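So this one's structure-v3.tsv, TSV, C-alpha atoms:
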chain	number	residue	atom	x	y	z
U	1	MET	CA	-14.90	1.77	-1.53
U	2	ARG	CA	-15.26	-1.91	-0.60
U	3	VAL	CA	-13.72	-2.85	2.75
U	4	LEU	CA	-13.11	-6.26	4.35
U	5	VAL	CA	-12.77	-6.33	8.16
U	6	VAL	CA	-10.47	-8.99	9.68
U	7	ASP	CA	-10.05	-9.50	13.43
U	8	ASP	CA	-10.25	-12.56	15.64
U	9	GLU	CA	-12.34	-10.67	18.23
U	10	ALA	CA	-15.99	-10.09	17.36
U	11	PRO	CA	-16.29	-6.83	19.38
U	12	ALA	CA	-13.33	-5.37	17.46
U	13	ARG	CA	-14.98	-6.30	14.15
U	14	GLU	CA	-18.24	-4.71	15.24
U	15	ARG	CA	-16.48	-1.49	16.22
U	16	LEU	CA	-14.73	-1.22	12.88
U	17	LYS	CA	-17.93	-1.97	10.98
U	18	SER	CA	-19.68	0.75	12.99
U	19	LEU	CA	-16.95	3.25	12.11
U	20	LEU	CA	-17.17	2.29	8.43
U	21	THR	CA	-20.93	2.77	8.41
U	22	ALA	CA	-20.45	6.41	9.38
U	23	LEU	CA	-18.07	7.11	6.46
U	24	PRO	CA	-19.53	8.21	3.11
U	25	GLY	CA	-18.79	6.09	0.08
U	26	VAL	CA	-17.53	3.16	2.17
U	27	GLU	CA	-19.11	-0.30	2.22
U	28	CYS	CA	-18.17	-3.20	4.48
U	29	VAL	CA	-18.38	-6.21	2.15
U	30	GLY	CA	-17.46	-8.88	4.67
U	31	GLU	CA	-15.59	-9.92	7.76
U	32	ALA	CA	-13.24	-12.69	8.85
U	33	GLY	CA	-11.72	-13.94	12.09
U	34	ASP	CA	-8.33	-15.19	10.89
U	35	GLY	CA	-5.89	-14.92	8.02
U	36	ALA	CA	-7.09	-17.98	6.10
U	37	ALA	CA	-10.69	-16.81	6.22
U	38	ALA	CA	-9.55	-13.34	5.16
U	39	LEU	CA	-7.91	-14.73	2.02
U	40	SER	CA	-11.04	-16.69	1.16
U	41	ALA	CA	-13.26	-13.64	1.68
U	42	ALA	CA	-10.90	-11.41	-0.32
U	43	ARG	CA	-10.97	-13.78	-3.29
U	44	GLU	CA	-14.77	-13.89	-3.16
U	45	GLN	CA	-15.55	-10.24	-2.43
U	46	ASN	CA	-12.64	-8.47	-4.19
U	47	PRO	CA	-12.36	-5.64	-1.61
U	48	ASP	CA	-10.46	-2.42	-2.27
U	49	VAL	CA	-9.14	-2.37	1.31
U	50	VAL	CA	-8.57	-4.98	4.02
U	51	LEU	CA	-8.54	-3.81	7.64
U	52	LEU	CA	-6.29	-6.48	9.11
U	53	ASP	CA	-5.47	-7.43	12.68
U	54	ILE	CA	-1.99	-8.87	13.29
U	55	ARG	CA	-2.18	-11.29	16.21
U	56	MET	CA	-4.72	-13.96	15.25
U	57	PRO	CA	-4.82	-17.75	15.64
U	58	GLY	CA	-3.67	-19.84	12.71
U	59	MET	CA	-2.49	-17.60	9.87
U	60	ASP	CA	-1.68	-14.25	11.46
U	61	GLY	CA	-2.06	-10.83	9.86
U	62	MET	CA	1.52	-10.58	8.60
U	63	ALA	CA	1.31	-13.87	6.73
U	64	ALA	CA	-2.11	-12.92	5.38
U	65	ALA	CA	-0.81	-9.56	4.14
U	66	HIS	CA	1.88	-11.25	2.08
U	67	GLU	CA	-0.71	-13.57	0.56
U	68	LEU	CA	-3.12	-10.69	-0.15
U	69	ALA	CA	-0.34	-8.89	-2.02
U	70	GLN	CA	-0.32	-11.74	-4.54
U	71	LEU	CA	-3.97	-11.26	-5.53
U	72	THR	CA	-4.90	-9.51	-8.77
U	73	PRO	CA	-5.91	-6.84	-8.13
U	74	ALA	CA	-4.29	-6.71	-4.70
U	75	PRO	CA	-6.28	-4.85	-2.04
U	76	ALA	CA	-4.67	-2.16	0.07
U	77	VAL	CA	-3.86	-3.46	3.55
U	78	ILE	CA	-4.35	-1.30	6.62
U	79	PHE	CA	-3.27	-2.98	9.84
U	80	THR	CA	-5.42	-2.42	12.93
U	81	THR	CA	-3.68	-3.67	16.05
U	82	ALA	CA	-3.15	-3.06	19.74
U	83	TYR	CA	0.59	-3.65	19.39
U	84	SER	CA	2.93	-0.95	18.12
U	85	GLU	CA	6.07	-3.08	17.93
U	86	HIS	CA	5.13	-4.59	14.56
U	87	ALA	CA	5.19	-1.28	12.64
U	88	LEU	CA	8.39	-1.77	10.62
U	89	GLU	CA	7.49	-5.36	9.80
U	90	ALA	CA	4.06	-4.17	8.68
U	91	PHE	CA	5.47	-1.68	6.23
U	92	ASP	CA	7.85	-4.32	4.89
U	93	ALA	CA	4.67	-6.25	4.09
U	94	GLN	CA	3.64	-3.26	1.92
U	95	ALA	CA	0.91	-2.13	4.30
U	96	LEU	CA	-0.61	1.21	3.38
U	97	ASP	CA	-1.06	2.21	7.02
U	98	TYR	CA	-0.85	1.00	10.61
U	99	LEU	CA	-3.60	1.99	13.04
U	100	LEU	CA	-3.39	1.39	16.76
U	101	LYS	CA	-6.48	0.32	18.69
U	102	PRO	CA	-8.77	1.80	19.72
U	103	VAL	CA	-9.03	3.05	16.14
U	104	ARG	CA	-10.37	6.59	15.88
U	105	ARG	CA	-12.85	7.49	13.16
U	106	GLU	CA	-10.79	10.45	11.89
U	107	ARG	CA	-7.62	8.35	11.66
U	108	LEU	CA	-9.45	5.56	9.85
U	109	GLN	CA	-10.99	8.03	7.43
U	110	ARG	CA	-7.57	9.49	6.55
U	111	ALA	CA	-6.17	6.02	5.93
U	112	LEU	CA	-9.07	5.10	3.67
U	113	GLU	CA	-8.73	8.37	1.77
U	114	ARG	CA	-5.11	7.51	1.07
U	115	ALA	CA	-6.17	4.05	-0.08
U	116	HIS	CA	-8.71	5.64	-2.42
U	117	GLY	CA	-6.04	7.82	-4.01
U	118	ARG	CA	-3.17	5.35	-4.08
U	119	GLY	CA	-3.54	4.68	-7.79
U	120	GLY	CA	-3.29	8.34	-8.74
U	121	GLU	CA	-0.29	10.57	-9.21
U	122	LYS	CA	1.92	11.27	-6.27
U	123	SER	CA	1.62	14.80	-5.04
U	124	GLU	CA	4.08	17.62	-5.00
U	125	VAL	CA	4.54	19.37	-1.67
U	126	GLY	CA	2.95	22.79	-1.59
U	127	ASP	CA	3.44	25.48	1.02
U	128	GLU	CA	-0.05	24.70	2.33
U	129	ALA	CA	0.71	21.01	3.05
U	130	TYR	CA	0.81	20.14	6.74
U	131	LEU	CA	0.97	16.99	8.83
U	132	LEU	CA	-0.38	16.74	12.34
U	133	SER	CA	1.77	15.58	15.24
U	134	ARG	CA	0.10	14.53	18.47
U	135	LEU	CA	2.19	13.83	21.57
U	136	HIS	CA	1.31	14.00	25.28
U	137	GLY	CA	-1.88	15.94	24.57
U	138	ARG	CA	-0.09	18.48	22.38
U	139	GLU	CA	-0.98	18.97	18.72
U	140	LEU	CA	1.58	20.44	16.34
U	141	ARG	CA	1.26	21.31	12.65
U	142	VAL	CA	4.29	20.17	10.69
U	143	PRO	CA	4.94	22.05	7.41
U	144	VAL	CA	5.85	19.34	4.91
U	145	ALA	CA	7.85	21.77	2.76
U	146	GLU	CA	10.26	22.30	5.68
U	147	VAL	CA	10.80	18.60	6.46
U	148	ARG	CA	14.35	17.44	5.71
U	149	TYR	CA	13.71	13.75	6.35
U	150	PHE	CA	11.32	11.21	7.83
U	151	GLN	CA	12.64	8.27	9.83
U	152	ALA	CA	10.81	5.27	11.25
U	153	ALA	CA	11.70	3.79	14.63
U	154	ASP	CA	10.17	0.74	16.29
U	155	LYS	CA	6.94	2.45	17.27
U	156	TYR	CA	6.62	5.68	15.31
U	157	VAL	CA	7.77	7.90	12.44
U	158	SER	CA	9.65	11.11	13.17
U	159	ALA	CA	9.70	14.17	10.90
U	160	TYR	CA	12.78	16.38	11.18
U	161	TYR	CA	12.09	19.92	10.00
U	162	MET	CA	13.28	23.49	10.48
U	163	ASP	CA	11.44	26.16	12.44
U	164	ASN	CA	13.09	29.56	12.97
U	165	GLY	CA	16.52	28.06	12.40
U	166	GLU	CA	15.99	25.23	14.88
U	167	THR	CA	15.69	21.53	14.04
U	168	ILE	CA	12.42	20.11	15.37
U	169	GLU	CA	11.54	16.43	15.71
U	170	ALA	CA	7.82	15.70	15.47
U	171	ILE	CA	6.23	12.30	16.09
U	172	LEU	CA	3.66	11.35	13.45
U	173	GLU	CA	0.83	8.85	13.13
U	174	GLU	CA	1.71	8.46	9.45
U	175	SER	CA	3.64	5.55	7.94
U	176	LEU	CA	6.56	5.98	5.57
U	177	LYS	CA	4.53	4.18	2.91
U	178	SER	CA	1.63	6.61	3.21
U	179	LEU	CA	3.99	9.61	3.13
U	180	GLU	CA	5.66	8.21	0.03
U	181	ASP	CA	2.25	7.72	-1.61
U	182	ARG	CA	1.18	11.28	-0.84
U	183	PHE	CA	4.40	13.20	-1.46
U	184	GLY	CA	6.42	10.81	-3.61
U	185	GLU	CA	7.52	13.41	-6.14
U	186	ALA	CA	9.17	15.47	-3.40
U	187	LEU	CA	10.68	12.60	-1.41
U	188	VAL	CA	13.18	9.85	-2.13
U	189	ARG	CA	13.57	6.62	-0.19
U	190	ILE	CA	17.12	5.99	1.00
U	191	HIS	CA	16.47	3.14	3.43
U	192	ARG	CA	13.62	0.91	4.51
U	193	ASN	CA	13.24	3.26	7.49
U	194	ALA	CA	13.95	6.66	5.92
U	195	LEU	CA	12.70	9.14	3.32
U	196	VAL	CA	14.51	12.40	2.55
U	197	SER	CA	13.43	15.58	0.80
U	198	ARG	CA	14.84	15.94	-2.71
U	199	ASN	CA	14.99	19.71	-2.22
U	200	TYR	CA	17.37	19.46	0.76
U	201	LEU	CA	19.51	16.50	-0.32
U	202	ARG	CA	23.04	17.82	-0.78
U	203	GLY	CA	25.37	14.83	-0.84
U	204	ILE	CA	26.54	11.43	0.41
U	205	GLU	CA	29.15	10.76	3.06
U	206	GLN	CA	30.81	7.42	3.82
U	207	ARG	CA	31.58	6.90	7.49
U	208	ALA	CA	34.67	5.09	8.79
U	209	ASP	CA	32.61	1.92	9.23
U	210	GLY	CA	31.69	1.96	5.53
U	211	VAL	CA	28.08	3.03	6.03
U	212	HIS	CA	26.80	5.76	3.69
U	213	VAL	CA	24.70	8.62	5.08
U	214	ALA	CA	22.75	11.45	3.47
U	215	LEU	CA	23.87	15.06	3.85
U	216	LEU	CA	20.89	17.39	4.15
U	217	SER	CA	20.93	21.17	4.28
U	218	GLY	CA	19.88	22.80	7.51
U	219	VAL	CA	20.10	19.78	9.82
U	220	GLU	CA	22.87	17.87	11.53
U	221	GLY	CA	21.06	14.54	11.33
U	222	ARG	CA	22.49	12.19	8.72
U	223	PRO	CA	20.15	9.29	8.01
U	224	GLU	CA	21.68	6.07	6.77
U	225	ILE	CA	21.49	5.10	3.09
U	226	SER	CA	21.13	1.38	2.53
U	227	ARG	CA	23.50	-0.26	0.09
U	228	ARG	CA	20.74	-0.94	-2.43
U	229	HIS	CA	19.92	2.80	-2.63
U	230	VAL	CA	23.45	4.29	-2.81
U	231	ALA	CA	23.76	4.12	-6.61
U	232	GLU	CA	20.29	5.61	-7.05
U	233	ILE	CA	21.08	8.55	-4.76
U	234	ARG	CA	24.35	9.19	-6.58
U	235	ARG	CA	22.50	9.33	-9.89
U	236	LEU	CA	19.96	11.71	-8.38
U	237	LEU	CA	22.72	14.03	-7.13
U	238	LYS	CA	24.27	14.02	-10.62
U	239	GLY	CA	20.94	15.07	-12.09
U	240	GLU	CA	20.52	11.90	-14.10
Is it possible to express this structure as structure tokens?
Amino acid sequence: MRVLVVDDEAPARERLKSLLTALPGVECVGEAGDGAAALSAAREQNPDVVLLDIRMPGMDGMAAAHELAQLTPAPAVIFTTAYSEHALEAFDAQALDYLLKPVRRERLQRALERAHGRGGEKSEVGDEAYLLSRLHGRELRVPVAEVRYFQAADKYVSAYYMDNGETIEAILEESLKSLEDRFGEALVRIHRNALVSRNYLRGIEQRADGVHVALLSGVEGRPEISRRHVAEIRRLLKGE
């Protein structure tokens, strides 16, 4: 896997390159200190993945990501940033993942593994599939088969699942895009900030304010369905 490292701070680039060196099958093919230089390097080196900082002088990471998406073939973009508030904007830019600094080797490896498999078939959810939630020093295994829906907020993604008849909310380090790539056959997108399980989707309800929400078995939460997805969800419920 060919990786381009982009960050305006040299120490941050060196750290990422050091992490990449320790990963099998991964090659750092170049580095850049701003968005314009990243585009030039990407055109020359044709990387599979770009590790991209967001706040940089000149062309920032968001603008660069949109330009990178126009390349053929387009590299996968994984944002590496110290700022969590850009997460939703990052996924709108079709980022594969969003890593907060200091980037951990294990987290980077998982993101690169997803990038490696992004061209393959999306996976069904088996009973053995788990996600890991880390919060306040506590680690929790989340059974994907029990998740009713995933919802992104400003700084994180929450998984809502059932455990012994109780609805549990778990905070994840995953992005909605990466979850969709991994479990796309079992999930359906209903909003830019929400994915629901096909197995637990039971209906649509229209609130008094005209907003449509998804009805899911086993949970009280009713995530919003954006207008562009309403017709698609109706067809899905009809079995079309």
Worksheet item: Hey, what's within 8 Å of range 105-109 of chain U if we count only C-alpha atoms and toss same-chain stuff fewer than 4 positions away? As an MDAnalysis selection string, please?
Response: chainID U and resid 19 23 99 113
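The smallest atom-to-atom distance between Ala76 in chain U and any of U:Glu169, U:Asp181, U:Asp97, U:Asp60, using all atoms listed in the file, is found for U:Asp97.
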Worksheet item: Restricting the calculation to only C-alpha atoms, which member of U:Glu185, U:Tyr160, U:Ile54, U:Leu132 is positioned closest to Leu100 in chain U?
Response: U:Ile54
Worksheet item: For Ala186 in chain U, which residue among U:Ala153, U:Ile225, U:Ala82, U:Val144 is the nearest when counting only C-alpha atoms?
Response: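 Looking only at the distances to Ala186 in chain U, the closest residue turns out to be U:Val144.
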Discussion item. When you look at range 205-220 of chain U with a cut-off of 12 Å (counting only C-alpha atoms), what residues show up, excluding the ones that are within fewer than 6 positions of it in the same chain? I need them as number ranges by chain.
Written reply: U: 146-150, 159-169, 188-191, 194-199, 226-231, 233-234, 237
Selection from above, C-alpha atoms, as a PDB file, keeping the file's coordinate frame, can you write it?
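Listing of out.pdb after writing:
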ATOM      1  CA  GLU U 146      10.260  22.300   5.680  1.00  0.00           C
ATOM      2  CA  VAL U 147      10.800  18.600   6.460  1.00  0.00           C
ATOM      3  CA  ARG U 148      14.350  17.440   5.710  1.00  0.00           C
ATOM      4  CA  TYR U 149      13.710  13.750   6.350  1.00  0.00           C
ATOM      5  CA  PHE U 150      11.320  11.210   7.830  1.00  0.00           C
ATOM      6  CA  ALA U 159       9.700  14.170  10.900  1.00  0.00           C
ATOM      7  CA  TYR U 160      12.780  16.380  11.180  1.00  0.00           C
ATOM      8  CA  TYR U 161      12.090  19.920  10.000  1.00  0.00           C
ATOM      9  CA  MET U 162      13.280  23.490  10.480  1.00  0.00           C
ATOM     10  CA  ASP U 163      11.440  26.160  12.440  1.00  0.00           C
ATOM     11  CA  ASN U 164      13.090  29.560  12.970  1.00  0.00           C
ATOM     12  CA  GLY U 165      16.520  28.060  12.400  1.00  0.00           C
ATOM     13  CA  GLU U 166      15.990  25.230  14.880  1.00  0.00           C
ATOM     14  CA  THR U 167      15.690  21.530  14.040  1.00  0.00           C
ATOM     15  CA  ILE U 168      12.420  20.110  15.370  1.00  0.00           C
ATOM     16  CA  GLU U 169      11.540  16.430  15.710  1.00  0.00           C
ATOM     17  CA  VAL U 188      13.180   9.850  -2.130  1.00  0.00           C
ATOM     18  CA  ARG U 189      13.570   6.620  -0.190  1.00  0.00           C
ATOM     19  CA  ILE U 190      17.120   5.990   1.000  1.00  0.00           C
ATOM     20  CA  HIS U 191      16.470   3.140   3.430  1.00  0.00           C
ATOM     21  CA  ALA U 194      13.950   6.660   5.920  1.00  0.00           C
ATOM     22  CA  LEU U 195      12.700   9.140   3.320  1.00  0.00           C
ATOM     23  CA  VAL U 196      14.510  12.400   2.550  1.00  0.00           C
ATOM     24  CA  SER U 197      13.430  15.580   0.800  1.00  0.00           C
ATOM     25  CA  ARG U 198      14.840  15.940  -2.710  1.00  0.00           C
ATOM     26  CA  ASN U 199      14.990  19.710  -2.220  1.00  0.00           C
ATOM     27  CA  SER U 226      21.130   1.380   2.530  1.00  0.00           C
ATOM     28  CA  ARG U 227      23.500  -0.260   0.090  1.00  0.00           C
ATOM     29  CA  ARG U 228      20.740  -0.940  -2.430  1.00  0.00           C
ATOM     30  CA  HIS U 229      19.920   2.800  -2.630  1.00  0.00           C
ATOM     31  CA  VAL U 230      23.450   4.290  -2.810  1.00  0.00           C
ATOM     32  CA  ALA U 231      23.760   4.120  -6.610  1.00  0.00           C
ATOM     33  CA  ILE U 233      21.080   8.550  -4.760  1.00  0.00           C
ATOM     34  CA  ARG U 234      24.350   9.190  -6.580  1.00  0.00           C
ATOM     35  CA  LEU U 237      22.720  14.030  -7.130  1.00  0.00           C
TER      36      LEU U 237
END
Worksheet item: Which residue out of U:Glu31, U:Pro223, U:Thr80, U:Pro73 has the minimum interatomic distance to Asp53 in chain U when all atoms listed in the file are used?
Response: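 Closest residue, counting all atoms listed in the file: U:Thr80.
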Discussion item. When you look at Lys238 in chain U with a cut-off of 12 Å (counting all atoms listed in the file), what residues show up, excluding the ones that are within fewer than 5 positions of it in the same chain? I need them as a list in words.
Written reply: Leu201, Arg202, Gly203, Ile204, Ala231, Glu232 and Ile233 of chain U
Discussion item. Taking (-13.6, 0.8, 9.6) as a centre in this file's frame and 9 Å as the limit, can you find every polymer residue with an atom that close, using all atoms listed in the file, and give them as a list of chain:residue names?
Written reply: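 Selection result: U:Val3, U:Leu4, U:Val5, U:Arg13, U:Arg15, U:Leu16, U:Lys17, U:Ser18, U:Leu19, U:Leu20, U:Thr21, U:Ala22, U:Leu23, U:Val26, U:Cys28, U:Leu51, U:Val103, U:Arg105, U:Leu108, U:Gln109, U:Leu112.
The spacing separating CA of Pro143 in chain U from CA of Ser175 in chain U amounts to 16.6 Å.
Nearest-residue note for Glu27 in chain U: choosing from U:Asp48, U:Asp7, U:Leu131, U:Ser40, the minimum distance belongs to U:Asp48, counting all atoms listed in the file.
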Item to complete: Provide the CA of Glu173 in chain U to CA of Lys155 in chain U distance in Å, to one decimal place.
Response: 9.8 Å
Discussion item. Residues near Ala32 in chain U, anyone? I mean within 6 Å using all atoms listed in the file, not counting same-chain ones fewer than 5 positions away, as a PyMOL selection string.
Written reply: chain U and resi 6+37-38
Worksheet item: So which residues are close to (-2.0, 12.0, 16.7), meaning at most 9 Å away in the file's coordinates with all atoms listed in the file counted, and can you show them as a PyMOL selection string?
Response: chain U and resi 107+132-135+137-139+171-174
Practice prompt. Considering all atoms listed in the file, state which residue in the set U:Pro24, U:Pro57, U:Gly239, U:Pro75 is at the smallest distance from Gln45 in chain U.
Written response: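 Looking at the shortest contact to Gln45 in chain U, the residue is U:Pro75.
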Worksheet item: Mind pulling up the distance from CA of Lys177 in chain U to CA of Leu96 in chain U?
Response: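 Pair CA of Leu96 in chain U / CA of Lys177 in chain U returns 6.0 Å.
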Discussion item. Need to verify the contact set: range 63-72 of chain U, 9 Å, only C-alpha atoms, exclusion of same-chain residues closer than 3 positions in sequence. Can you return it as a PyMOL selection string?
Written reply: chain U and resi 34-36+38-39+42-43+50+52+54+59-60+75-77+90+93-95
Just so I have it separately, write range 132-148 of chain U from the block I sent, keeping N, CA and C atoms, as a CSV table (one decimal), in the first residue's frame.
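Full text of selection09.csv as output:
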chain,number,residue,atom,x,y,z
U,132,LEU,N,-15.1,-1.9,19.0
U,132,LEU,CA,-14.6,-1.6,20.3
U,132,LEU,C,-14.9,-0.1,20.7
U,133,SER,N,-15.5,0.1,21.8
U,133,SER,CA,-15.8,1.4,22.3
U,133,SER,C,-14.8,1.7,23.5
U,134,ARG,N,-14.2,2.9,23.4
U,134,ARG,CA,-13.3,3.3,24.5
U,134,ARG,C,-13.8,4.6,25.0
U,135,LEU,N,-14.0,4.7,26.3
U,135,LEU,CA,-14.5,5.9,26.9
U,135,LEU,C,-14.1,6.0,28.4
U,136,HIS,N,-13.4,7.1,28.8
U,136,HIS,CA,-13.0,7.3,30.2
U,136,HIS,C,-12.2,6.1,30.7
U,137,GLY,N,-11.3,5.5,29.9
U,137,GLY,CA,-10.5,4.4,30.4
U,137,GLY,C,-11.2,3.0,30.3
U,138,ARG,N,-12.5,3.0,29.9
U,138,ARG,CA,-13.2,1.8,29.9
U,138,ARG,C,-13.3,1.3,28.4
U,139,GLU,N,-13.1,0.0,28.2
U,139,GLU,CA,-13.2,-0.6,26.9
U,139,GLU,C,-14.4,-1.5,26.9
U,140,LEU,N,-15.3,-1.4,25.8
U,140,LEU,CA,-16.5,-2.2,25.7
U,140,LEU,C,-16.6,-2.8,24.3
U,141,ARG,N,-16.9,-4.1,24.3
U,141,ARG,CA,-17.1,-4.7,23.0
U,141,ARG,C,-18.6,-4.6,22.6
U,142,VAL,N,-18.8,-4.1,21.4
U,142,VAL,CA,-20.1,-3.8,20.9
U,142,VAL,C,-20.5,-4.8,19.8
U,143,PRO,N,-21.5,-5.7,20.1
U,143,PRO,CA,-21.8,-6.7,19.1
U,143,PRO,C,-22.6,-6.0,17.9
U,144,VAL,N,-22.0,-6.1,16.7
U,144,VAL,CA,-22.6,-5.3,15.6
U,144,VAL,C,-24.0,-5.9,15.2
U,145,ALA,N,-24.2,-7.2,15.4
U,145,ALA,CA,-25.5,-7.8,15.1
U,145,ALA,C,-26.6,-7.2,15.9
U,146,GLU,N,-26.3,-6.6,17.1
U,146,GLU,CA,-27.3,-6.1,18.0
U,146,GLU,C,-27.5,-4.6,17.8
U,147,VAL,N,-26.7,-4.0,17.0
U,147,VAL,CA,-26.8,-2.5,16.8
U,147,VAL,C,-28.0,-2.2,16.0
U,148,ARG,N,-28.9,-1.3,16.5
U,148,ARG,CA,-30.1,-0.8,15.8
U,148,ARG,C,-29.7,0.3,14.8
